[in-house]
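Data block below; observations after.
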Amino acid sequence: MFQRMLTGALFAGAAAGLIAALLHFAFVQQVILLGEQYESGELVHFQNAMPAPDGHAHDHGDDHAHDEGHADGAAQAHGAAGSDLQRNALTVAFTVLIYVSYAVMLFAGFGLAESTGRRIDAQTGLLWGLTGFAAFQLAPAMGLPPELPGTVAADLAERQVWWWMTVGLTAGGISLLAYGRKVWMFVLAGAALALPHVIGAPQIEGYWGVAPPEVGALFAARVLGVGLVVWAVLGWIGGHLWSRGRPA
């Protein structure tokens, strides 16, 4: 069982990660590069803008696992001193590693579901993938949208705590909605889904980022769009591989 899970997760995660990297280069990286031009001062949004006050600037690579933004942030820490080729290679490597990690969690869920008599196939895997997107990207983005270079963010530790709480409660709430059989389970599911947003994500005291909000909105939309596609692909491939490996 363990070997089956590990092999399938490695293959599905690597395939999804490569697709994510291709979509990142096609739709996301150009927006990141534009944001970096504003962050460095090469471009200026409103020529008479005041300098940013002291506070928490956007920290590349500290994001809460929005997949494409998170992976490229880690690459940015190295890419400034190296070539574009090095930066792109690091982006691909980190993206694949992230989706392999997601795939391991997905396959662990498959194993748990099958142990309770649930059947996993490609269609079921697709639904699981969409659930993963909702838990790891969509729900957290409602409070902490993907952050473009040149934007500002609240305290890193507070964001991480809220992000992990949101992921866990969203995944648990959706699971209760999907597999619950009692009324109290559905009530608990609704409470779990709502709680992170009732508490609210950590926010900054003021807005003083140097990147235009239009560019930030485009970045967030493209990150979430790419994430939706890649999570769906990851779930579908994972479910297909799991069903093929099931004993007859």
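Chain labels A, B, ... are given in the sequence in which chains occur in the structure tokens; within each chain residues are numbered consecutively from 1, and ligands are likewise numbered from 1 in the order shown.
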Apply DSSP to the backbone of this structure and, from stretch 63-243 of chain A, keep only the residues in helix (DSSP H, G or I); write these as a ChimeraX atom specification. /A:67-79,84-115,122-141,156-179,183-199,213-243
Determine the nearest neighbour of A:Ala211 from the options A:Leu130, A:Glu147, A:Arg4, A:Ala93, counting only C-alpha atoms.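 Smallest separation from A:Ala211 among the options: A:Glu147.
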Tell me which protein, DNA and RNA residues are within 12 Å of A:Val215, counting only C-alpha atoms, leaving out same-chain ones fewer than 5 positions away, and put them as a PyMOL selection string. chain A and resi 28+30-38+45+146-151+209-210+220-222
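Shell of A:Val104 at 9 Å, with only C-alpha atoms counted and residues fewer than 6 places along the chain excluded, is Met5, Leu6, Gly8, Ala9, Leu10 and Gly13 of chain A.
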Skipping near chain neighbours, those fewer than 3 positions away, what residues fall within 6 Å of A:Ala171 using only C-alpha atoms, listed as a ChimeraX atom specification? /A:135,168,174
Please produce a file of the residues just selected, as a short mmCIF file (atom, residue, chain, number, x, y, z; two decimals), in the first residue's frame, where the atoms kept are C-alpha atoms.
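Written output follows (again30.cif):
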data_model
loop_
_atom_site.label_atom_id
_atom_site.label_comp_id
_atom_site.auth_asym_id
_atom_site.auth_seq_id
_atom_site.Cartn_x
_atom_site.Cartn_y
_atom_site.Cartn_z
CA ALA A 135 -8.73 24.30 0.71
CA GLY A 168 -7.41 22.59 7.84
CA ILE A 174 -15.75 19.96 2.76
#
Tell me which of A:Ser83, A:Ser243, A:Gln123, A:Thr166 sits closest to A:Gly111, counting only C-alpha atoms. A:Ser243
One-decimal distance in Å that lies between atom CA of A:Leu85 and atom CA of A:Ala15: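 Separation between atom CA of A:Ala15 and atom CA of A:Leu85: 20.8 Å.
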Exercise: A:Leu127 partners within 9 Å, only C-alpha atoms, chain neighbours under 4 positions left out, as a ChimeraX atom specification: /A:122-123,131-132,232,235-236
Keeping N, CA, C and O atoms for every residue in the selection just given, could you write it to a file as a PDB file, in the first residue's frame?
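The resulting file, again17.pdb, is reproduced below:
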ATOM      1  N   ALA A 122     -10.860   8.138 -11.472  1.00  0.00           N
ATOM      2  CA  ALA A 122     -10.433   9.415 -12.040  1.00  0.00           C
ATOM      3  C   ALA A 122     -11.430  10.524 -11.744  1.00  0.00           C
ATOM      4  O   ALA A 122     -11.042  11.655 -11.410  1.00  0.00           O
ATOM      5  N   GLN A 123     -12.722  10.229 -11.852  1.00  0.00           N
ATOM      6  CA  GLN A 123     -13.731  11.253 -11.601  1.00  0.00           C
ATOM      7  C   GLN A 123     -13.740  11.676 -10.132  1.00  0.00           C
ATOM      8  O   GLN A 123     -13.831  12.862  -9.813  1.00  0.00           O
ATOM      9  N   THR A 131     -11.326  19.973  -4.460  1.00  0.00           N
ATOM     10  CA  THR A 131     -11.377  20.234  -3.020  1.00  0.00           C
ATOM     11  C   THR A 131     -10.038  20.744  -2.511  1.00  0.00           C
ATOM     12  O   THR A 131      -9.968  21.669  -1.687  1.00  0.00           O
ATOM     13  N   GLY A 132      -8.955  20.150  -3.014  1.00  0.00           N
ATOM     14  CA  GLY A 132      -7.628  20.624  -2.638  1.00  0.00           C
ATOM     15  C   GLY A 132      -7.409  22.067  -3.043  1.00  0.00           C
ATOM     16  O   GLY A 132      -6.842  22.866  -2.289  1.00  0.00           O
ATOM     17  N   ALA A 232      -7.006  20.363 -10.568  1.00  0.00           N
ATOM     18  CA  ALA A 232      -7.911  19.444 -11.256  1.00  0.00           C
ATOM     19  C   ALA A 232      -7.122  18.340 -11.961  1.00  0.00           C
ATOM     20  O   ALA A 232      -7.486  17.157 -11.911  1.00  0.00           O
ATOM     21  N   GLY A 235      -5.683  15.901  -9.320  1.00  0.00           N
ATOM     22  CA  GLY A 235      -6.689  14.978  -8.810  1.00  0.00           C
ATOM     23  C   GLY A 235      -7.079  13.922  -9.822  1.00  0.00           C
ATOM     24  O   GLY A 235      -7.225  12.739  -9.478  1.00  0.00           O
ATOM     25  N   TRP A 236      -7.235  14.344 -11.075  1.00  0.00           N
ATOM     26  CA  TRP A 236      -7.646  13.385 -12.113  1.00  0.00           C
ATOM     27  C   TRP A 236      -6.563  12.330 -12.343  1.00  0.00           C
ATOM     28  O   TRP A 236      -6.853  11.137 -12.388  1.00  0.00           O
TER      29      TRP A 236
END
Closest-contact table, stretch 81-179 of chain A side, partner stretch 21-26 of chain A, 10 Å, counting only C-alpha atoms, as a Markdown table:
| residue | atom | partner | partner_atom | distance |
| --- | --- | --- | --- | --- |
| A:Asn88 | CA | A:Phe25 | CA | 8.5 |
| A:Ala89 | CA | A:Ala21 | CA | 9.7 |
| A:Thr91 | CA | A:Ala21 | CA | 7.2 |
| A:Val92 | CA | A:Ala21 | CA | 5.5 |
| A:Ala93 | CA | A:Ala21 | CA | 8.8 |
| A:Phe94 | CA | A:Ala21 | CA | 9.3 |
| A:Thr95 | CA | A:Ala21 | CA | 6.4 |
| A:Val96 | CA | A:Ala21 | CA | 7.9 |
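Of the listed residues A:Ala103, A:Tyr179, A:Ala153, A:Trp231, the one whose atoms come nearest to A:Thr116 is A:Tyr179, with distances taken using only C-alpha atoms.
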Interatomic distance (Å, one decimal) between atom CA of A:Asp155 and atom CA of A:Gly216: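 Taking atom CA of A:Asp155 and atom CA of A:Gly216, their separation equals 19.1 Å.
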Return as CSV the residues of stretch 62-169 of chain A lying at most 10 Å from stretch 194-200 of chain A, together with the closest atom-to-atom pair for each and the distance in Å to one decimal, counting only C-alpha atoms, with rows in chain order and ascending residue number.
residue,atom,partner,partner_atom,distance
A:Ala139,CA,A:His197,CA,8.8
A:Pro140,CA,A:Pro196,CA,8.8
A:Met142,CA,A:His197,CA,8.0
A:Gly143,CA,A:Gly200,CA,6.8
A:Leu144,CA,A:Gly200,CA,9.6
A:Trp162,CA,A:Pro196,CA,7.3
A:Trp163,CA,A:Pro196,CA,8.7
A:Trp164,CA,A:Pro196,CA,9.9
A:Met165,CA,A:Pro196,CA,7.0
A:Thr166,CA,A:Pro196,CA,5.5
A:Val167,CA,A:Pro196,CA,9.2
A:Gly168,CA,A:Pro196,CA,9.9
A:Leu169,CA,A:Pro196,CA,7.7
